[in-house]
$ cat my_file29.cif   # mmCIF, C-alpha atoms
data_coords
loop_
_atom_site.label_atom_id
_atom_site.label_comp_id
_atom_site.auth_asym_id
_atom_site.auth_seq_id
_atom_site.Cartn_x
_atom_site.Cartn_y
_atom_site.Cartn_z
CA MET A 1 12.69 -10.23 54.52
CA LYS A 2 15.07 -8.46 52.14
CA GLU A 3 15.21 -11.61 50.02
CA ASN A 4 11.38 -11.66 49.68
CA VAL A 5 11.32 -8.00 48.58
CA ILE A 6 13.95 -8.73 45.91
CA LYS A 7 11.89 -11.71 44.66
CA VAL A 8 8.74 -9.56 44.43
CA ILE A 9 10.60 -6.78 42.59
CA ALA A 10 12.12 -9.32 40.18
CA TRP A 11 8.68 -10.83 39.56
CA VAL A 12 7.08 -7.40 38.92
CA VAL A 13 9.90 -6.35 36.55
CA GLY A 14 9.60 -9.67 34.69
CA PHE A 15 5.83 -9.30 34.41
CA ILE A 16 6.16 -5.75 33.08
CA ALA A 17 8.76 -6.87 30.51
CA VAL A 18 6.50 -9.69 29.26
CA PHE A 19 3.54 -7.29 29.11
CA ILE A 20 5.54 -4.71 27.09
CA VAL A 21 6.70 -7.36 24.61
CA ALA A 22 3.16 -8.73 24.24
CA VAL A 23 1.72 -5.25 23.58
CA ALA A 24 4.47 -4.50 21.05
CA LEU A 25 3.82 -7.74 19.19
CA MET A 26 0.06 -7.13 19.14
CA GLY A 27 0.64 -3.67 17.71
CA ASN A 28 2.71 -5.06 14.81
CA ASP A 29 0.19 -7.71 13.81
CA ALA A 30 -2.89 -5.70 12.98
CA GLU A 31 -5.74 -7.90 11.85
CA GLU A 32 -5.85 -8.25 8.10
CA LYS A 33 -8.85 -8.03 5.83
CA THR A 34 -9.33 -8.76 2.15
CA TYR A 35 -10.92 -5.94 0.18
CA SER A 36 -12.38 -6.63 -3.24
CA ASP A 37 -14.26 -4.59 -5.84
CA SER A 38 -14.54 -4.29 -9.62
CA GLY A 39 -12.11 -7.14 -10.34
CA PHE A 40 -9.45 -5.92 -7.88
CA THR A 41 -8.54 -7.69 -4.63
CA ILE A 42 -5.98 -6.74 -1.96
CA THR A 43 -5.34 -7.83 1.63
CA MET A 44 -4.49 -4.99 4.03
CA GLU A 45 -4.99 -4.05 7.64
CA ASP A 46 -8.55 -4.02 8.83
CA GLY A 47 -9.98 -0.55 9.30
CA PHE A 48 -10.13 0.78 5.73
CA ASN A 49 -13.41 2.32 4.63
CA GLU A 50 -14.66 2.66 1.07
CA LYS A 51 -14.95 6.24 -0.15
CA ASP A 52 -16.16 7.79 -3.38
CA TYR A 53 -13.37 9.34 -5.41
CA ILE A 54 -13.95 10.55 -8.94
CA GLY A 55 -11.90 8.61 -11.45
CA ALA A 56 -10.97 5.78 -9.08
CA THR A 57 -12.19 2.24 -9.67
CA PHE A 58 -11.37 1.34 -6.04
CA TYR A 59 -10.73 3.83 -3.20
CA TYR A 60 -10.33 3.09 0.50
CA GLU A 61 -8.96 5.10 3.43
CA SER A 62 -8.04 4.31 7.02
CA GLN A 63 -7.06 6.76 9.72
CA ASN A 64 -3.40 6.69 8.58
CA ALA A 65 -3.26 5.48 4.97
CA GLY A 66 -5.19 5.19 1.75
CA ILE A 67 -5.35 3.41 -1.57
CA SER A 68 -6.74 4.43 -4.92
CA VAL A 69 -6.86 2.09 -7.89
CA VAL A 70 -7.61 2.87 -11.51
CA LYS A 71 -8.46 0.20 -14.07
CA GLU A 72 -7.50 1.13 -17.62
CA THR A 73 -8.93 -1.35 -20.11
CA PHE A 74 -7.03 -2.24 -23.24
CA GLU A 75 -9.99 -0.85 -25.18
CA ASP A 76 -9.67 2.53 -23.41
CA LEU A 77 -5.92 2.53 -24.06
CA SER A 78 -6.12 1.51 -27.72
CA SER A 79 -5.77 5.11 -28.96
CA LEU A 80 -2.33 5.11 -27.28
CA GLU A 81 -1.45 1.84 -29.02
CA ILE A 82 -1.60 -0.01 -25.71
CA ASP A 83 -3.13 -3.49 -25.85
CA GLU A 84 -2.82 -7.01 -24.43
CA ASN A 85 0.60 -7.33 -26.12
CA THR A 86 2.03 -4.31 -24.28
CA SER A 87 4.44 -5.35 -21.53
CA LEU A 88 4.15 -4.22 -17.94
CA GLU A 89 7.46 -2.37 -18.35
CA GLU A 90 6.15 -0.43 -21.38
CA TYR A 91 2.99 0.52 -19.54
CA ALA A 92 5.01 1.58 -16.48
CA GLU A 93 7.08 3.91 -18.66
CA LEU A 94 3.89 5.46 -20.02
CA VAL A 95 2.49 6.02 -16.52
CA SER A 96 5.72 7.71 -15.43
CA TYR A 97 5.72 9.92 -18.52
CA VAL A 98 2.06 10.95 -18.17
CA ASN A 99 2.51 11.71 -14.46
CA GLU A 100 5.76 13.56 -15.10
CA LYS A 101 7.62 11.33 -12.66
CA ASP A 102 11.20 10.39 -13.38
CA ASN A 103 11.45 7.69 -10.74
CA GLU A 104 12.84 4.25 -11.39
CA TYR A 105 10.44 1.39 -10.99
CA LYS A 106 11.31 -1.52 -8.74
CA ASN A 107 10.09 -5.02 -9.46
CA LEU A 108 8.18 -6.31 -6.46
CA ASN A 109 7.54 -9.59 -8.24
CA ASP A 110 6.85 -10.72 -11.80
CA GLN A 111 3.44 -9.06 -11.77
CA ILE A 112 3.94 -5.74 -9.96
CA MET A 113 6.30 -2.83 -10.49
CA TYR A 114 6.31 0.29 -8.31
CA TYR A 115 7.99 3.59 -7.62
CA THR A 116 7.80 6.00 -4.68
CA TYR A 117 7.63 9.74 -4.34
CA ASP A 118 6.67 12.52 -1.94
CA ASP A 119 4.31 15.42 -2.58
CA THR A 120 2.64 18.23 -0.68
CA ILE A 121 -1.15 18.50 -0.93
CA SER A 122 -3.00 21.36 0.78
CA GLY A 123 0.02 22.05 2.97
CA LYS A 124 0.44 18.42 4.14
CA ASP A 125 3.40 16.26 3.15
CA TYR A 126 2.46 12.83 1.77
CA SER A 127 4.43 9.83 0.57
CA TYR A 128 3.20 7.60 -2.23
CA MET A 129 3.93 4.14 -3.55
CA THR A 130 2.55 3.87 -7.08
CA ALA A 131 2.37 0.40 -8.60
CA VAL A 132 1.23 -1.04 -11.90
CA THR A 133 0.02 -4.51 -12.78
CA LYS A 134 -1.58 -6.20 -15.76
CA GLY A 135 -4.78 -8.21 -15.88
CA SER A 136 -6.50 -10.16 -18.62
CA ASN A 137 -8.22 -7.12 -20.13
CA ALA A 138 -6.65 -4.09 -18.46
CA PHE A 139 -3.72 -2.45 -16.76
CA TRP A 140 -4.18 -1.30 -13.18
CA ILE A 141 -2.56 1.67 -11.39
CA ILE A 142 -2.41 1.23 -7.62
CA ASN A 143 -1.57 4.27 -5.51
CA LEU A 144 -0.93 3.71 -1.79
CA PHE A 145 -0.34 6.79 0.36
CA CYS A 146 0.29 8.03 3.89
CA GLU A 147 1.58 11.15 5.58
CA GLU A 148 5.31 11.50 4.92
CA LYS A 149 6.07 11.30 8.65
CA ASN A 150 4.61 7.75 8.64
CA LYS A 151 6.32 6.38 5.52
CA ASP A 152 8.94 4.35 7.44
CA THR A 153 6.05 2.50 9.08
CA TYR A 154 3.80 2.18 6.04
CA PHE A 155 6.11 1.54 3.07
CA PRO A 156 7.04 -1.97 4.30
CA LYS A 157 3.31 -2.63 4.81
CA PHE A 158 2.52 -1.27 1.34
CA GLU A 159 4.98 -3.73 -0.22
CA LYS A 160 3.44 -6.59 1.76
CA TRP A 161 -0.07 -5.53 0.70
CA LEU A 162 0.94 -5.21 -2.96
CA GLU A 163 2.14 -8.82 -2.89
CA THR A 164 -1.47 -9.87 -2.20
CA VAL A 165 -2.97 -8.02 -5.18
CA GLU A 166 -5.09 -10.05 -7.59
CA VAL A 167 -6.75 -8.62 -10.71
CA GLU A 168 -9.02 -10.05 -13.35
#

$ encode --input "my_file29.cif" --output "structure tokens"
Amino acid sequence: MKENVIKVIAWVVGFIAVFIVAVALMGNDAEEKTYSDSGFTITMEDGFNEKDYIGATFYYESQNAGISVVKETFEDLSSLEIDENTSLEEYAELVSYVNEKDNEYKNLNDQIMYYTYDDTISGKDYSYMTAVTKGSNAFWIINLFCEEKNKDTYFPKFEKWLETVEVE
């Protein structure tokens, strides 16, 4: 009898362990979706909704994160002597200067550079990953954000999402 009880307990504990692992794995693999608009494409978690945001070419939010994207055409940037011959590094320096950020950019790959920073907006602490990339007729500024308390969860996701970016 005692042996049967031990077998049942071992089976229940094993089942619970498998269930916990399965739930944890499902939580880490949120379904992905490709979002595309105005010559910009990115693959992120499903659950982002398009919002209107003045000045943004592309703006989406989910319950825990958001992304805003601004397309700056070479024509619009010509008064700053920025054109198709301007390197991504030169443009990144300009973006840092204009935004009064003294952060060092990191190269994610040959086509994307980014920096991170924290800021408080309306009493809430946010963390940002700001990236730049270059297309055929424009530079793009990509700003991913989340509450600062969630940055350890979202920053690795942001990097993964940035690797999927495609621009015209």

$ atom_distance --input "my_file29.cif" --atom1 "CA of Trp140 in chain A" --atom2 "CA of Glu31 in chain A"
25.9 Å

$ closest_residue --input "my_file29.cif" --among "A:Phe139, A:Leu108, A:Tyr35, A:Thr130" --to "Lys160 in chain A" --atoms "only C-alpha atoms"
A:Leu108

$ closest_residue --input "my_file29.cif" --among "A:Asp118, A:Glu100, A:Asp83, A:Glu50" --to "Asn150 in chain A" --atoms "all atoms listed in the file"
A:Asp118

$ resolve_selection --input "my_file29.cif" --expression "the PyMOL selection byres ((chain A and resi 135) around 9)" --output "number ranges by chain"
A: 84, 133-134, 136-140, 166-168

$ residues_around --input "my_file29.cif" --residues "Tyr114 in chain A" --least-positions-apart "5" --cutoff "12 Å" --atoms "only C-alpha atoms" --output "ChimeraX atom specification"
/A:88-89,91-93,95-96,101,103-109,128-133,140-144,155,158-159,162-163

$ closest_residue --input "my_file29.cif" --among "A:Ala30, A:Leu94, A:Met44, A:Ala65" --to "Lys149 in chain A" --atoms "all atoms listed in the file"
A:Ala65

$ resolve_selection --input "my_file29.cif" --expression "the PyMOL selection byres ((chain A and resi 36) around 12)" --output "PyMOL selection string"
chain A and resi 33-35+37-44+48-50+57-60+69+164-168

$ axis_aligned_box --input "my_file29.cif" --around "range 42-48 of chain A" --padding-each-side "6 Å" --output "JSON"
{"center_x": -7.3, "center_y": -3.5, "center_z": 3.7, "size_x": 17.6, "size_y": 20.6, "size_z": 23.3}

$ residues_around --input "my_file29.cif" --residues "Lys124 in chain A" --least-positions-apart "2" --cutoff "12 Å" --atoms "all atoms listed in the file" --output "list of chain:residue names"
A:Asp118, A:Asp119, A:Thr120, A:Ile121, A:Ser122, A:Tyr126, A:Ser127, A:Cys146, A:Glu147, A:Glu148, A:Lys149

$ write_last_selection --input "my_file29.cif" --atoms "C-alpha atoms" --output "mmCIF file, in the frame of the given file"
data_model
loop_
_atom_site.group_PDB
_atom_site.id
_atom_site.type_symbol
_atom_site.label_atom_id
_atom_site.label_comp_id
_atom_site.auth_asym_id
_atom_site.auth_seq_id
_atom_site.Cartn_x
_atom_site.Cartn_y
_atom_site.Cartn_z
ATOM 1 C CA ASP A 118 6.670 12.520 -1.940
ATOM 2 C CA ASP A 119 4.310 15.420 -2.580
ATOM 3 C CA THR A 120 2.640 18.230 -0.680
ATOM 4 C CA ILE A 121 -1.150 18.500 -0.930
ATOM 5 C CA SER A 122 -3.000 21.360 0.780
ATOM 6 C CA TYR A 126 2.460 12.830 1.770
ATOM 7 C CA SER A 127 4.430 9.830 0.570
ATOM 8 C CA CYS A 146 0.290 8.030 3.890
ATOM 9 C CA GLU A 147 1.580 11.150 5.580
ATOM 10 C CA GLU A 148 5.310 11.500 4.920
ATOM 11 C CA LYS A 149 6.070 11.300 8.650
#

$ atom_distance --input "my_file29.cif" --atom1 "CA of Tyr115 in chain A" --atom2 "CA of Asn99 in chain A"
11.9 Å

$ atom_distance --input "my_file29.cif" --atom1 "CA of Lys151 in chain A" --atom2 "CA of Ser68 in chain A"
16.8 Å

$ decode --input "my_file29.cif" --residues "range 74-119 of chain A" --atoms "C-alpha atoms" --output "PDB file, in the first residue's frame"
ATOM      1  CA  PHE A  74      17.223  62.540 -47.867  1.00  0.00           C
ATOM      2  CA  GLU A  75      15.265  65.401 -49.431  1.00  0.00           C
ATOM      3  CA  ASP A  76      13.981  66.506 -46.004  1.00  0.00           C
ATOM      4  CA  LEU A  77      17.511  66.248 -44.582  1.00  0.00           C
ATOM      5  CA  SER A  78      19.253  68.073 -47.437  1.00  0.00           C
ATOM      6  CA  SER A  79      19.332  71.387 -45.538  1.00  0.00           C
ATOM      7  CA  LEU A  80      21.515  69.591 -42.953  1.00  0.00           C
ATOM      8  CA  GLU A  81      23.789  68.313 -45.730  1.00  0.00           C
ATOM      9  CA  ILE A  82      22.542  64.766 -45.177  1.00  0.00           C
ATOM     10  CA  ASP A  83      22.050  62.703 -48.334  1.00  0.00           C
ATOM     11  CA  GLU A  84      22.436  59.198 -49.760  1.00  0.00           C
ATOM     12  CA  ASN A  85      26.222  59.476 -49.306  1.00  0.00           C
ATOM     13  CA  THR A  86      25.946  60.081 -45.553  1.00  0.00           C
ATOM     14  CA  SER A  87      26.970  57.016 -43.555  1.00  0.00           C
ATOM     15  CA  LEU A  88      24.811  55.412 -40.904  1.00  0.00           C
ATOM     16  CA  GLU A  89      27.441  56.371 -38.313  1.00  0.00           C
ATOM     17  CA  GLU A  90      27.296  60.053 -39.334  1.00  0.00           C
ATOM     18  CA  TYR A  91      23.519  60.059 -39.153  1.00  0.00           C
ATOM     19  CA  ALA A  92      23.609  58.329 -35.754  1.00  0.00           C
ATOM     20  CA  GLU A  93      25.887  61.075 -34.430  1.00  0.00           C
ATOM     21  CA  LEU A  94      23.432  63.706 -35.669  1.00  0.00           C
ATOM     22  CA  VAL A  95      20.488  61.967 -33.980  1.00  0.00           C
ATOM     23  CA  SER A  96      22.395  61.803 -30.685  1.00  0.00           C
ATOM     24  CA  TYR A  97      23.340  65.469 -30.942  1.00  0.00           C
ATOM     25  CA  VAL A  98      19.805  66.645 -31.785  1.00  0.00           C
ATOM     26  CA  ASN A  99      18.308  64.563 -28.963  1.00  0.00           C
ATOM     27  CA  GLU A 100      20.996  65.692 -26.529  1.00  0.00           C
ATOM     28  CA  LYS A 101      21.961  62.099 -25.780  1.00  0.00           C
ATOM     29  CA  ASP A 102      25.570  61.256 -25.120  1.00  0.00           C
ATOM     30  CA  ASN A 103      25.160  57.503 -25.329  1.00  0.00           C
ATOM     31  CA  GLU A 104      27.403  55.261 -27.355  1.00  0.00           C
ATOM     32  CA  TYR A 105      25.790  53.424 -30.206  1.00  0.00           C
ATOM     33  CA  LYS A 106      26.124  49.670 -30.483  1.00  0.00           C
ATOM     34  CA  ASN A 107      26.181  47.923 -33.839  1.00  0.00           C
ATOM     35  CA  LEU A 108      23.438  45.324 -33.918  1.00  0.00           C
ATOM     36  CA  ASN A 109      24.429  44.349 -37.445  1.00  0.00           C
ATOM     37  CA  ASP A 110      25.720  46.118 -40.544  1.00  0.00           C
ATOM     38  CA  GLN A 111      22.408  47.910 -41.022  1.00  0.00           C
ATOM     39  CA  ILE A 112      21.283  48.918 -37.528  1.00  0.00           C
ATOM     40  CA  MET A 113      22.919  50.887 -34.739  1.00  0.00           C
ATOM     41  CA  TYR A 114      21.233  51.595 -31.396  1.00  0.00           C
ATOM     42  CA  TYR A 115      21.637  53.132 -27.980  1.00  0.00           C
ATOM     43  CA  THR A 116      19.590  52.847 -24.785  1.00  0.00           C
ATOM     44  CA  TYR A 117      18.468  55.292 -22.150  1.00  0.00           C
ATOM     45  CA  ASP A 118      15.930  55.785 -19.370  1.00  0.00           C
ATOM     46  CA  ASP A 119      13.561  58.713 -18.902  1.00  0.00           C
TER      47      ASP A 119
END
